[in-house]
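What follows is upload19.csv (CSV, C-alpha atoms).
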chain,number,residue,atom,x,y,z
A,229,MET,CA,0.0,0.0,0.0
A,230,ARG,CA,1.0,3.7,-0.4
A,231,ALA,CA,1.6,5.8,2.7
A,232,ALA,CA,2.7,9.4,3.3
A,233,VAL,CA,5.5,9.4,5.9
A,234,PHE,CA,7.8,11.9,7.6
A,235,HIS,CA,11.0,10.6,9.1
A,236,GLU,CA,11.8,13.7,11.1
A,237,PRO,CA,9.8,16.8,12.0
A,238,GLY,CA,9.9,19.5,9.4
A,239,PRO,CA,8.1,21.5,6.7
A,240,ALA,CA,5.4,19.9,4.5
A,241,SER,CA,8.2,19.0,2.1
A,242,ALA,CA,9.4,16.4,4.7
A,243,LEU,CA,6.5,14.2,3.7
A,244,ARG,CA,7.3,11.3,1.3
A,245,LEU,CA,5.2,8.7,-0.4
A,246,VAL,CA,6.5,5.2,0.3
A,247,ASP,CA,5.3,1.6,-0.2
A,248,ARG,CA,4.5,-0.4,2.8
A,249,ASP,CA,3.2,-3.9,3.6
A,250,LEU,CA,-0.5,-4.2,4.2
A,251,PRO,CA,-1.1,-4.1,8.0
A,252,LEU,CA,-3.0,-7.0,9.6
A,253,ALA,CA,-5.9,-6.5,12.0
A,254,ALA,CA,-5.2,-8.1,15.4
A,255,ALA,CA,-7.9,-9.1,17.9
A,256,GLY,CA,-10.3,-6.3,18.6
A,257,GLU,CA,-9.1,-4.2,15.6
A,258,VAL,CA,-10.5,-3.1,12.3
A,259,ARG,CA,-8.7,-2.5,9.1
A,260,VAL,CA,-10.1,0.4,7.1
A,261,ARG,CA,-9.4,1.3,3.5
A,262,ILE,CA,-9.2,5.1,3.6
A,263,VAL,CA,-11.0,7.0,0.9
A,264,LEU,CA,-10.5,10.5,2.3
A,265,SER,CA,-8.0,11.6,4.8
A,266,ALA,CA,-8.6,15.0,6.4
A,267,VAL,CA,-5.9,17.5,7.4
A,268,ASN,CA,-6.3,19.6,10.6
A,269,PRO,CA,-4.0,22.2,12.1
A,270,THR,CA,-2.9,19.8,14.7
A,271,ASP,CA,-1.8,17.4,12.0
A,272,THR,CA,0.5,20.0,10.4
A,273,GLY,CA,1.7,20.9,13.9
A,274,THR,CA,2.6,17.2,14.7
A,275,ARG,CA,4.5,17.0,11.4
A,276,ALA,CA,6.3,20.2,12.1
A,277,GLY,CA,7.3,19.0,15.6
A,278,ARG,CA,5.1,21.3,17.6
A,279,GLY,CA,2.0,19.1,18.0
A,280,VAL,CA,0.4,17.6,21.0
A,281,PRO,CA,3.0,15.5,22.8
A,282,ASP,CA,2.0,11.8,22.6
A,283,GLY,CA,5.3,10.0,23.1
A,284,VAL,CA,5.6,8.7,19.5
A,285,ALA,CA,8.7,9.5,17.5
A,286,PRO,CA,9.0,9.6,13.7
A,287,PRO,CA,8.8,7.9,11.3
A,288,ARG,CA,5.0,8.7,11.3
A,289,VAL,CA,2.1,8.7,8.9
A,290,PRO,CA,0.2,12.0,9.6
A,291,ASN,CA,-3.5,12.9,10.0
A,292,GLN,CA,-6.0,11.9,12.6
A,293,ASP,CA,-9.3,11.9,10.7
A,294,GLY,CA,-10.6,10.0,7.8
A,295,ALA,CA,-13.4,8.1,6.2
A,296,GLY,CA,-13.5,4.9,4.2
A,297,VAL,CA,-14.8,1.3,4.2
A,298,VAL,CA,-14.1,-1.7,6.5
A,299,ASP,CA,-11.6,-4.0,4.8
A,300,ALA,CA,-10.8,-6.6,7.4
A,301,LEU,CA,-11.8,-7.6,11.0
A,302,GLY,CA,-9.7,-8.8,13.8
A,303,GLU,CA,-10.8,-11.6,16.0
A,304,GLY,CA,-13.7,-10.8,18.2
A,305,VAL,CA,-15.1,-7.9,16.1
A,306,ARG,CA,-18.6,-8.9,15.1
A,307,ASP,CA,-20.5,-5.7,14.7
A,308,PHE,CA,-18.9,-4.7,11.3
A,309,GLU,CA,-18.8,-6.3,7.9
A,310,PRO,CA,-16.3,-5.7,5.1
A,311,GLY,CA,-17.6,-2.9,2.9
A,312,ASP,CA,-19.3,-1.0,5.8
A,313,ARG,CA,-18.8,2.8,5.4
A,314,VAL,CA,-17.1,4.3,8.5
A,315,TRP,CA,-15.3,7.3,9.9
A,316,VAL,CA,-12.3,7.2,12.3
A,317,TRP,CA,-11.0,9.5,15.0
A,318,ASP,CA,-7.7,10.1,16.7
A,319,ALA,CA,-6.0,7.6,14.3
A,320,GLY,CA,-2.6,9.1,14.7
A,321,TYR,CA,-2.7,10.1,18.4
A,322,GLY,CA,-0.3,8.0,20.4
A,323,ARG,CA,0.3,5.9,17.3
A,324,ALA,CA,2.7,6.1,14.4
A,325,ASN,CA,0.0,5.5,11.7
A,326,GLY,CA,-2.5,8.1,10.8
A,327,THR,CA,-4.9,8.2,7.9
A,328,ALA,CA,-2.6,9.5,5.2
A,329,GLN,CA,-2.2,6.0,3.9
A,330,GLU,CA,-4.4,3.5,1.9
A,331,TYR,CA,-5.1,1.3,4.9
A,332,VAL,CA,-5.1,1.9,8.6
A,333,VAL,CA,-5.7,-0.5,11.5
A,334,LEU,CA,-7.4,0.8,14.6
A,335,PRO,CA,-9.1,-0.4,17.8
A,336,ARG,CA,-12.7,-1.1,17.3
A,337,ARG,CA,-13.8,1.9,19.4
A,338,GLN,CA,-12.1,4.3,17.0
A,339,VAL,CA,-14.1,3.2,14.0
A,340,VAL,CA,-17.6,4.5,13.7
A,341,ARG,CA,-20.3,3.2,11.3
A,342,MET,CA,-22.1,5.7,9.1
A,343,ASN,CA,-25.2,5.3,7.0
A,344,ASP,CA,-24.7,4.3,3.3
A,345,ASP,CA,-26.0,7.6,2.1
A,346,ILE,CA,-23.5,9.7,4.1
A,347,PRO,CA,-20.8,11.1,1.8
A,348,PHE,CA,-17.2,10.3,2.7
A,349,GLU,CA,-16.6,14.1,2.8
A,350,VAL,CA,-18.9,14.2,5.8
A,351,GLY,CA,-17.2,11.3,7.5
A,352,ALA,CA,-13.8,12.9,7.1
A,353,ASP,CA,-15.0,16.0,9.0
A,354,LEU,CA,-16.4,14.1,12.0
A,355,GLY,CA,-13.2,13.7,14.0
A,356,ILE,CA,-11.3,16.6,15.4
A,357,PRO,CA,-13.7,19.4,14.3
A,358,ALA,CA,-17.0,17.8,15.4
A,359,LEU,CA,-15.7,16.2,18.5
A,360,THR,CA,-14.1,19.4,19.6
A,361,ALA,CA,-17.3,21.3,18.9
A,362,HIS,CA,-19.3,18.8,20.9
A,363,ARG,CA,-17.1,19.1,23.9
A,364,CYS,CA,-17.3,22.9,23.8
A,365,LEU,CA,-21.1,22.8,23.7
A,366,THR,CA,-21.4,20.4,26.6
A,367,LEU,CA,-18.9,21.9,29.2
A,368,ALA,CA,-21.4,24.0,31.1
A,369,ALA,CA,-22.2,22.7,34.5
A,370,ASP,CA,-25.9,23.0,33.9
A,371,GLY,CA,-25.8,21.8,30.3
A,372,PRO,CA,-26.2,18.4,28.7
A,373,ALA,CA,-23.4,15.8,28.8
A,374,ARG,CA,-24.4,14.6,25.3
A,375,LEU,CA,-26.1,16.6,22.6
A,376,GLY,CA,-29.3,15.5,20.9
A,377,PRO,CA,-32.4,17.1,19.5
A,378,GLY,CA,-33.7,19.6,22.0
A,379,ALA,CA,-30.6,19.3,24.4
A,380,LEU,CA,-29.8,23.0,24.0
A,381,ALA,CA,-33.4,24.3,23.6
A,382,GLY,CA,-33.8,27.8,25.0
A,383,ARG,CA,-30.1,28.5,25.0
A,384,THR,CA,-28.1,30.9,22.9
A,385,VAL,CA,-24.7,30.0,21.6
A,386,LEU,CA,-22.1,32.4,20.3
A,387,VAL,CA,-19.6,30.7,17.9
A,388,ALA,CA,-16.4,32.8,17.2
A,389,GLY,CA,-15.1,32.1,13.7
A,390,GLY,CA,-18.2,30.5,12.2
A,391,ALA,CA,-16.5,29.8,8.9
A,392,GLY,CA,-13.8,27.5,10.3
A,393,ALA,CA,-14.1,23.8,10.5
A,394,VAL,CA,-14.7,23.7,14.3
A,395,GLY,CA,-17.0,26.8,14.0
A,396,ASN,CA,-19.0,25.2,11.2
A,397,ALA,CA,-19.4,22.0,13.3
A,398,ALA,CA,-20.4,24.0,16.4
A,399,ILE,CA,-23.1,25.8,14.4
A,400,GLN,CA,-24.5,22.7,13.0
A,401,LEU,CA,-24.4,20.7,16.2
A,402,ALA,CA,-25.9,23.5,18.2
A,403,LYS,CA,-28.7,24.0,15.8
A,404,TRP,CA,-29.4,20.3,15.8
A,405,ALA,CA,-29.6,20.5,19.5
A,406,GLY,CA,-32.1,23.3,19.4
A,407,ALA,CA,-30.0,26.4,20.3
A,408,THR,CA,-30.2,29.9,18.8
A,409,VAL,CA,-26.8,30.4,17.2
A,410,LEU,CA,-24.9,33.7,16.7
A,411,THR,CA,-21.5,33.7,15.1
A,412,THR,CA,-18.7,36.2,14.2
A,413,VAL,CA,-16.7,36.3,11.0
A,414,SER,CA,-14.2,38.5,9.3
A,415,SER,CA,-15.6,39.0,5.8
A,416,LYS,CA,-18.8,38.9,3.6
A,417,GLU,CA,-17.6,35.6,2.1
A,418,LYS,CA,-17.3,34.0,5.5
A,419,ALA,CA,-20.6,35.5,6.5
A,420,GLY,CA,-22.2,33.6,3.6
A,421,LEU,CA,-20.6,30.4,4.8
A,422,ALA,CA,-21.7,30.8,8.4
A,423,LEU,CA,-25.3,31.4,7.2
A,424,ALA,CA,-25.2,28.4,5.0
A,425,ALA,CA,-24.1,26.3,8.0
A,426,GLY,CA,-27.3,27.4,9.7
A,427,ALA,CA,-26.4,30.3,12.0
A,428,ASP,CA,-29.4,32.5,13.0
A,429,ALA,CA,-27.3,35.7,12.8
A,430,VAL,CA,-23.8,36.5,11.6
A,431,ILE,CA,-21.7,39.5,12.8
A,432,ASP,CA,-18.9,40.7,10.7
A,433,TYR,CA,-16.4,42.0,13.2
A,434,THR,CA,-14.5,44.1,10.6
A,435,GLU,CA,-17.6,46.2,10.0
A,436,GLU,CA,-19.8,46.0,13.0
A,437,ASP,CA,-19.7,46.8,16.7
A,438,VAL,CA,-19.7,43.2,17.9
A,439,ALA,CA,-20.8,43.8,21.5
A,440,ALA,CA,-23.7,46.1,20.5
A,441,ARG,CA,-24.9,43.7,17.9
A,442,ILE,CA,-24.8,40.7,20.3
A,443,ARG,CA,-26.8,42.7,22.9
A,444,GLU,CA,-29.3,43.6,20.2
A,445,LEU,CA,-29.7,40.0,19.1
A,446,SER,CA,-29.5,38.5,22.6
A,447,PRO,CA,-30.2,41.0,25.4
A,448,ALA,CA,-29.7,38.4,28.1
A,449,GLY,CA,-26.4,37.3,26.5
A,450,PRO,CA,-25.2,34.0,25.1
A,451,HIS,CA,-25.2,31.1,27.5
A,452,VAL,CA,-22.2,29.3,25.8
A,453,ILE,CA,-19.4,30.9,23.8
A,454,VAL,CA,-17.3,28.7,21.6
A,455,GLU,CA,-14.0,30.6,21.3
A,456,VAL,CA,-11.3,30.4,18.7
A,457,ASN,CA,-9.2,33.4,19.8
A,458,THR,CA,-8.2,34.1,23.4
A,459,ALA,CA,-7.9,37.8,22.5
A,460,ASN,CA,-11.7,37.9,22.5
A,461,LEU,CA,-12.1,37.1,26.2
A,462,ASP,CA,-12.7,40.7,27.3
A,463,LEU,CA,-15.5,41.0,24.7
A,464,ASP,CA,-16.8,37.6,25.7
A,465,LEU,CA,-17.1,38.6,29.3
A,466,ASP,CA,-18.9,41.8,28.4
A,467,VAL,CA,-21.7,40.0,26.5
A,468,ILE,CA,-22.0,36.6,28.1
A,469,ALA,CA,-25.1,35.7,30.2
A,470,PRO,CA,-24.6,35.4,34.0
A,471,GLY,CA,-23.4,31.9,34.8
A,472,GLY,CA,-22.4,31.4,31.2
A,473,ASN,CA,-19.6,29.3,29.9
A,474,ILE,CA,-16.7,30.1,27.6
A,475,ALA,CA,-15.0,27.2,25.9
A,476,VAL,CA,-11.6,27.9,24.3
A,477,TYR,CA,-10.2,25.3,21.8
A,478,VAL,CA,-7.0,27.0,20.6
A,479,ALA,CA,-3.7,27.6,22.2
A,480,GLY,CA,-2.7,31.1,23.1
A,481,LYS,CA,-1.7,33.4,25.9
A,482,VAL,CA,-4.6,34.2,28.2
A,483,SER,CA,-5.2,37.4,30.1
A,484,VAL,CA,-8.5,37.1,32.0
A,485,PRO,CA,-10.4,40.2,33.4
A,486,SER,CA,-11.1,38.1,36.5
A,487,PHE,CA,-13.4,40.7,38.2
A,488,LYS,CA,-15.7,40.7,35.1
A,489,ALA,CA,-15.8,36.9,35.3
A,490,MET,CA,-16.5,36.9,39.0
A,491,LEU,CA,-19.3,39.4,38.7
A,492,LYS,CA,-21.2,37.1,36.3
A,493,ASN,CA,-20.0,33.8,37.9
A,494,VAL,CA,-18.7,32.8,34.4
A,495,SER,CA,-16.7,29.6,33.9
A,496,LEU,CA,-13.8,29.5,31.5
A,497,ASP,CA,-12.7,26.1,30.1
A,498,PHE,CA,-10.1,24.8,27.7
A,499,VAL,CA,-10.7,22.0,25.2
A,500,LEU,CA,-8.4,19.5,23.6
A,501,THR,CA,-10.3,16.6,22.1
A,502,TYR,CA,-7.4,14.2,22.3
A,503,THR,CA,-7.3,14.3,26.1
A,504,THR,CA,-11.0,14.3,27.0
A,505,SER,CA,-12.1,11.6,29.4
A,506,PRO,CA,-13.3,8.2,28.0
A,507,GLU,CA,-16.9,9.1,28.9
A,508,GLN,CA,-16.7,12.6,27.3
A,509,LYS,CA,-15.2,11.1,24.1
A,510,ALA,CA,-17.8,8.4,24.0
A,511,ASN,CA,-20.6,10.9,24.4
A,512,ALA,CA,-19.1,13.1,21.7
A,513,VAL,CA,-18.7,10.2,19.2
A,514,ALA,CA,-22.2,8.9,19.8
A,515,ALA,CA,-23.8,12.3,19.4
A,516,VAL,CA,-21.8,13.3,16.3
A,517,ALA,CA,-22.6,9.9,14.7
A,518,GLU,CA,-26.3,10.4,15.5
A,519,ALA,CA,-26.3,13.9,14.0
A,520,ALA,CA,-24.5,12.7,10.9
A,521,ASN,CA,-26.8,9.7,10.3
A,522,ALA,CA,-29.8,11.9,10.9
A,523,GLY,CA,-28.7,14.2,8.1
A,524,ALA,CA,-28.1,17.1,10.5
A,525,PHE,CA,-24.4,17.4,9.7
A,526,ARG,CA,-23.3,18.4,6.2
A,527,VAL,CA,-20.2,19.7,4.4
A,528,GLY,CA,-19.6,21.5,1.1
A,529,GLU,CA,-20.0,25.1,0.2
A,530,ASP,CA,-23.8,24.9,0.5
A,531,ALA,CA,-23.3,23.8,4.1
A,532,GLY,CA,-20.7,26.5,4.9
A,533,LEU,CA,-17.6,24.3,4.5
A,534,PRO,CA,-16.1,24.1,1.0
A,535,ILE,CA,-14.2,20.9,0.3
A,536,ILE,CA,-10.6,21.4,-0.9
A,537,ARG,CA,-9.2,18.2,-2.5
A,538,PHE,CA,-5.7,16.9,-3.1
A,539,PRO,CA,-4.6,13.5,-4.4
A,540,LEU,CA,-2.3,11.5,-2.1
A,541,ASP,CA,0.8,12.3,-4.2
A,542,ARG,CA,0.2,16.0,-3.3
A,543,VAL,CA,0.0,15.4,0.5
A,544,ALA,CA,2.5,18.1,1.1
A,545,ASP,CA,0.4,20.6,-0.8
A,546,ALA,CA,-2.6,19.6,1.4
A,547,HIS,CA,-0.6,20.3,4.5
A,548,GLU,CA,0.6,23.7,3.2
A,549,ALA,CA,-3.0,24.6,2.3
A,550,VAL,CA,-4.0,24.2,6.0
A,551,GLU,CA,-0.9,26.1,7.2
A,552,ASN,CA,-1.9,28.9,4.8
A,553,HIS,CA,-5.4,29.1,6.4
A,554,ALA,CA,-7.4,27.7,3.5
A,555,VAL,CA,-11.1,28.5,4.0
A,556,GLY,CA,-12.8,25.1,4.0
A,557,LYS,CA,-12.0,21.5,4.7
A,558,VAL,CA,-8.8,20.1,3.2
A,559,VAL,CA,-9.1,16.4,2.3
A,560,ILE,CA,-6.7,14.0,0.6
A,561,GLU,CA,-8.1,11.5,-1.9
A,562,VAL,CA,-6.4,8.3,-0.8
A,563,THR,CA,-8.3,5.5,-2.6
A,564,ALA,CA,-11.3,5.4,-4.9
A,565,PRO,CA,-14.7,5.4,-3.2

The structure given in the file should be rewritten as structure tokens.
Amino acid sequence: MRAAVFHEPGPASALRLVDRDLPLAAAGEVRVRIVLSAVNPTDTGTRAGRGVPDGVAPPRVPNQDGAGVVDALGEGVRDFEPGDRVWVWDAGYGRANGTAQEYVVLPRRQVVRMNDDIPFEVGADLGIPALTAHRCLTLAADGPARLGPGALAGRTVLVAGGAGAVGNAAIQLAKWAGATVLTTVSSKEKAGLALAAGADAVIDYTEEDVAARIRELSPAGPHVIVEVNTANLDLDLDVIAPGGNIAVYVAGKVSVPSFKAMLKNVSLDFVLTYTTSPEQKANAVAAVAEAANAGAFRVGEDAGLPIIRFPLDRVADAHEAVENHAVGKVVIEVTAP
């Protein structure tokens, strides 16, 4: 099989296509033929040597997320059949083999069945972005542990950066769960994408007074804020509802106006999907799978997340596209559907 490998941390050009033996599925494992491998910022970070520490040294095959079909089953795995359509999560975390290869072997729990009518493009986006979004939306002490229809009914959610992959997933999951969703963006193009994702209102922070607009749309303030930029915390504390929750899912230096937070009894949490608890991860996987199979999770330009495709032999270009902040979801076409 073909696999993209980096033998030491470095730029995207460090990635090389190599031929490898087909891996075997051991007891409790599933071998998946990868159709699409998704590229996330943490994937490029791991390749560059600044990713989440997981104790695994190169050589490594990058990329955590992907979608494909079941190819072989290890002993004891009885709830799949070869040919089943699936998506996978955290494929390369704590392991040397991610999804930028034609076949990957994973523990059963990291392989998730999806309905036959779900596009592989959707499956490839159901790992880091959707699981991160789910955790951000379920951190509040008085909120649900697992999303489902009506779980956020009566709540207002503010999503910062609604045109990004996590922002798009947060909008779609929050709407599926019954929330009113506001989002901020930086351009008219991105505003169109956020509306396509299902946001109830979009605020262009380059042209509008964000705080005033949020107060106009939600006088009581959003109950949950999904935050992509720690520089926004002062604004977040100005507009958030008393007792609200701010979930931050990106790294950055934090300066918190603590008295503002104290006055409103606001909680501030940080999210990294890789290191959530087994129960939190199981809730996220189950909810995201349910939303996708119900048709509530979509991708593509008409769903606010354009798909940007690269063949496997251009894996370096795919990584560079993410590093250059491509608007949309970057996927690598690994094998034919």

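Across the model, the gap from atom CA of Pro239 of chain A to atom CA of Ala276 of chain A is 5.8 Å.
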
Subject >> Counting only C-alpha atoms, the residue of A:Val513, A:Cys364, A:Ser265, A:Ala546 that sits nearest Val476 of chain A >> reply: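 Among A:Val513, A:Cys364, A:Ser265, A:Ala546, it is A:Cys364 that comes nearest to Val476 of chain A.
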
Original post:
Of the candidates A:Ala459, A:Glu548, A:Val452, A:Thr504, which one gets nearest to Pro485 of chain A if we count only C-alpha atoms?
Top reply: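 For Pro485 of chain A, the nearest of the given residues is A:Ala459.
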
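The shortest atom-to-atom distance to Gly304 of chain A, with only C-alpha atoms taken into account, belongs to A:Val258 out of A:Ala285, A:Val258, A:Ser446, A:Pro347.
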
**OP:** Using all atoms listed in the file, pick whichever of A:Gly392, A:Gly426, A:Pro372, A:Gly480 has the shortest atom-to-atom distance to Ala531 of chain A.
**Re:** A:Gly426

Which residues come within 12 Å of Asp344 of chain A, counting only C-alpha atoms, excluding same-chain residues fewer than 4 positions away, as a PDB file with C-alpha atoms, keeping the file's coordinate frame?
ATOM      1  CA  GLY A 296     -13.500   4.900   4.200  1.00  0.00           C
ATOM      2  CA  VAL A 297     -14.800   1.300   4.200  1.00  0.00           C
ATOM      3  CA  GLY A 311     -17.600  -2.900   2.900  1.00  0.00           C
ATOM      4  CA  ASP A 312     -19.300  -1.000   5.800  1.00  0.00           C
ATOM      5  CA  ARG A 313     -18.800   2.800   5.400  1.00  0.00           C
ATOM      6  CA  VAL A 314     -17.100   4.300   8.500  1.00  0.00           C
ATOM      7  CA  TRP A 315     -15.300   7.300   9.900  1.00  0.00           C
ATOM      8  CA  PHE A 348     -17.200  10.300   2.700  1.00  0.00           C
ATOM      9  CA  VAL A 350     -18.900  14.200   5.800  1.00  0.00           C
ATOM     10  CA  GLY A 351     -17.200  11.300   7.500  1.00  0.00           C
ATOM     11  CA  ALA A 520     -24.500  12.700  10.900  1.00  0.00           C
ATOM     12  CA  ASN A 521     -26.800   9.700  10.300  1.00  0.00           C
ATOM     13  CA  ALA A 522     -29.800  11.900  10.900  1.00  0.00           C
ATOM     14  CA  GLY A 523     -28.700  14.200   8.100  1.00  0.00           C
ATOM     15  CA  PRO A 565     -14.700   5.400  -3.200  1.00  0.00           C
TER      16      PRO A 565
END

Subject >> Contacts of Pro450 of chain A within 10 Å, only C-alpha atoms, excl. fewer than 6 positions in-chain, as a PyMOL selection string >> reply: chain A and resi 383-387+408-410+442-443+464+467-470+472-474

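Atom pair atom CA of Ala300 of chain A / atom CA of Val263 of chain A: separated by 15.1 Å.
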
**OP:** Find the residues near Ile356 of chain A: any atom within 10 Å, counting all atoms listed in the file, skip ones fewer than 5 places away on the same chain, and give them as an MDAnalysis selection string.
**Re:** chainID A and resid 266:270 292:293 316:318 361:362 393:394 397 500:502

**OP:** Identify, on the basis of only C-alpha atoms, every residue whose closest approach to Glu349 of chain A does not exceed 9 Å; exclude the query and any residue fewer than 4 positions from it along the same chain; express the result as a ChimeraX atom specification.
**Re:** /A:264,266,294-295,353,526-528,535,557,559

**OP:** Write out as a list of chain:residue names which residues come within 10 Å of Arg278 of chain A when counting all atoms listed in the file, dropping same-chain ones fewer than 5 positions away.
**Re:**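 Returned residues: A:Pro237, A:Gly238, A:Thr270, A:Asp271, A:Thr272, A:Gly273.
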
Original post:
In Å to one decimal, how far is atom CA of Ala519 of chain A from atom CA of Leu496 of chain A?
Top reply: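 Here the two named atoms are 26.6 Å from each other.
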
Original post:
Restricting the calculation to all atoms listed in the file, which member of A:Gln400, A:Ala242, A:Gly279, A:Glu518 is positioned closest to Pro357 of chain A?
Top reply: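 Closest to Pro357 of chain A, using all atoms listed in the file: A:Gln400.
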
Would you mind putting back N, CA, C and O atoms on segment 365-379 of chain A, then writing it out as a PDB file, keeping the file's coordinate frame?
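This went into selection_39.pdb:
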ATOM      1  N   LEU A 365     -19.631  22.544  23.462  1.00  0.00           N
ATOM      2  CA  LEU A 365     -21.100  22.800  23.700  1.00  0.00           C
ATOM      3  C   LEU A 365     -21.628  22.059  24.884  1.00  0.00           C
ATOM      4  O   LEU A 365     -22.781  22.294  25.258  1.00  0.00           O
ATOM      5  N   THR A 366     -20.830  21.212  25.513  1.00  0.00           N
ATOM      6  CA  THR A 366     -21.400  20.400  26.600  1.00  0.00           C
ATOM      7  C   THR A 366     -20.532  20.622  27.916  1.00  0.00           C
ATOM      8  O   THR A 366     -20.653  19.839  28.862  1.00  0.00           O
ATOM      9  N   LEU A 367     -19.721  21.668  27.974  1.00  0.00           N
ATOM     10  CA  LEU A 367     -18.900  21.900  29.200  1.00  0.00           C
ATOM     11  C   LEU A 367     -19.649  22.547  30.311  1.00  0.00           C
ATOM     12  O   LEU A 367     -19.260  22.390  31.464  1.00  0.00           O
ATOM     13  N   ALA A 368     -20.698  23.276  30.017  1.00  0.00           N
ATOM     14  CA  ALA A 368     -21.400  24.000  31.100  1.00  0.00           C
ATOM     15  C   ALA A 368     -21.910  23.070  32.157  1.00  0.00           C
ATOM     16  O   ALA A 368     -22.432  21.993  31.870  1.00  0.00           O
ATOM     17  N   ALA A 369     -21.759  23.502  33.402  1.00  0.00           N
ATOM     18  CA  ALA A 369     -22.200  22.700  34.500  1.00  0.00           C
ATOM     19  C   ALA A 369     -23.639  22.310  34.490  1.00  0.00           C
ATOM     20  O   ALA A 369     -24.045  21.221  34.928  1.00  0.00           O
ATOM     21  N   ASP A 370     -24.457  23.237  33.982  1.00  0.00           N
ATOM     22  CA  ASP A 370     -25.900  23.000  33.900  1.00  0.00           C
ATOM     23  C   ASP A 370     -26.369  22.556  32.558  1.00  0.00           C
ATOM     24  O   ASP A 370     -27.560  22.551  32.276  1.00  0.00           O
ATOM     25  N   GLY A 371     -25.429  22.193  31.703  1.00  0.00           N
ATOM     26  CA  GLY A 371     -25.800  21.800  30.300  1.00  0.00           C
ATOM     27  C   GLY A 371     -25.816  20.285  30.190  1.00  0.00           C
ATOM     28  O   GLY A 371     -25.541  19.530  31.126  1.00  0.00           O
ATOM     29  N   PRO A 372     -26.124  19.813  28.992  1.00  0.00           N
ATOM     30  CA  PRO A 372     -26.200  18.400  28.700  1.00  0.00           C
ATOM     31  C   PRO A 372     -24.777  17.788  28.616  1.00  0.00           C
ATOM     32  O   PRO A 372     -23.835  18.457  28.176  1.00  0.00           O
ATOM     33  N   ALA A 373     -24.624  16.514  28.986  1.00  0.00           N
ATOM     34  CA  ALA A 373     -23.400  15.800  28.800  1.00  0.00           C
ATOM     35  C   ALA A 373     -23.231  15.314  27.362  1.00  0.00           C
ATOM     36  O   ALA A 373     -22.124  15.099  26.862  1.00  0.00           O
ATOM     37  N   ARG A 374     -24.381  15.134  26.730  1.00  0.00           N
ATOM     38  CA  ARG A 374     -24.400  14.600  25.300  1.00  0.00           C
ATOM     39  C   ARG A 374     -25.476  15.375  24.576  1.00  0.00           C
ATOM     40  O   ARG A 374     -26.604  15.528  25.056  1.00  0.00           O
ATOM     41  N   LEU A 375     -25.117  15.855  23.388  1.00  0.00           N
ATOM     42  CA  LEU A 375     -26.100  16.600  22.600  1.00  0.00           C
ATOM     43  C   LEU A 375     -27.063  15.614  21.899  1.00  0.00           C
ATOM     44  O   LEU A 375     -26.766  14.457  21.649  1.00  0.00           O
ATOM     45  N   GLY A 376     -28.227  16.162  21.629  1.00  0.00           N
ATOM     46  CA  GLY A 376     -29.300  15.500  20.900  1.00  0.00           C
ATOM     47  C   GLY A 376     -30.345  16.478  20.588  1.00  0.00           C
ATOM     48  O   GLY A 376     -30.274  17.636  21.043  1.00  0.00           O
ATOM     49  N   PRO A 377     -31.344  16.111  19.824  1.00  0.00           N
ATOM     50  CA  PRO A 377     -32.400  17.100  19.500  1.00  0.00           C
ATOM     51  C   PRO A 377     -33.041  17.632  20.778  1.00  0.00           C
ATOM     52  O   PRO A 377     -33.459  16.888  21.671  1.00  0.00           O
ATOM     53  N   GLY A 378     -33.065  18.961  20.890  1.00  0.00           N
ATOM     54  CA  GLY A 378     -33.700  19.600  22.000  1.00  0.00           C
ATOM     55  C   GLY A 378     -32.735  19.803  23.230  1.00  0.00           C
ATOM     56  O   GLY A 378     -33.104  20.470  24.207  1.00  0.00           O
ATOM     57  N   ALA A 379     -31.528  19.248  23.188  1.00  0.00           N
ATOM     58  CA  ALA A 379     -30.600  19.300  24.400  1.00  0.00           C
ATOM     59  C   ALA A 379     -30.234  20.726  24.713  1.00  0.00           C
ATOM     60  O   ALA A 379     -29.927  21.019  25.882  1.00  0.00           O
TER      61      ALA A 379
END
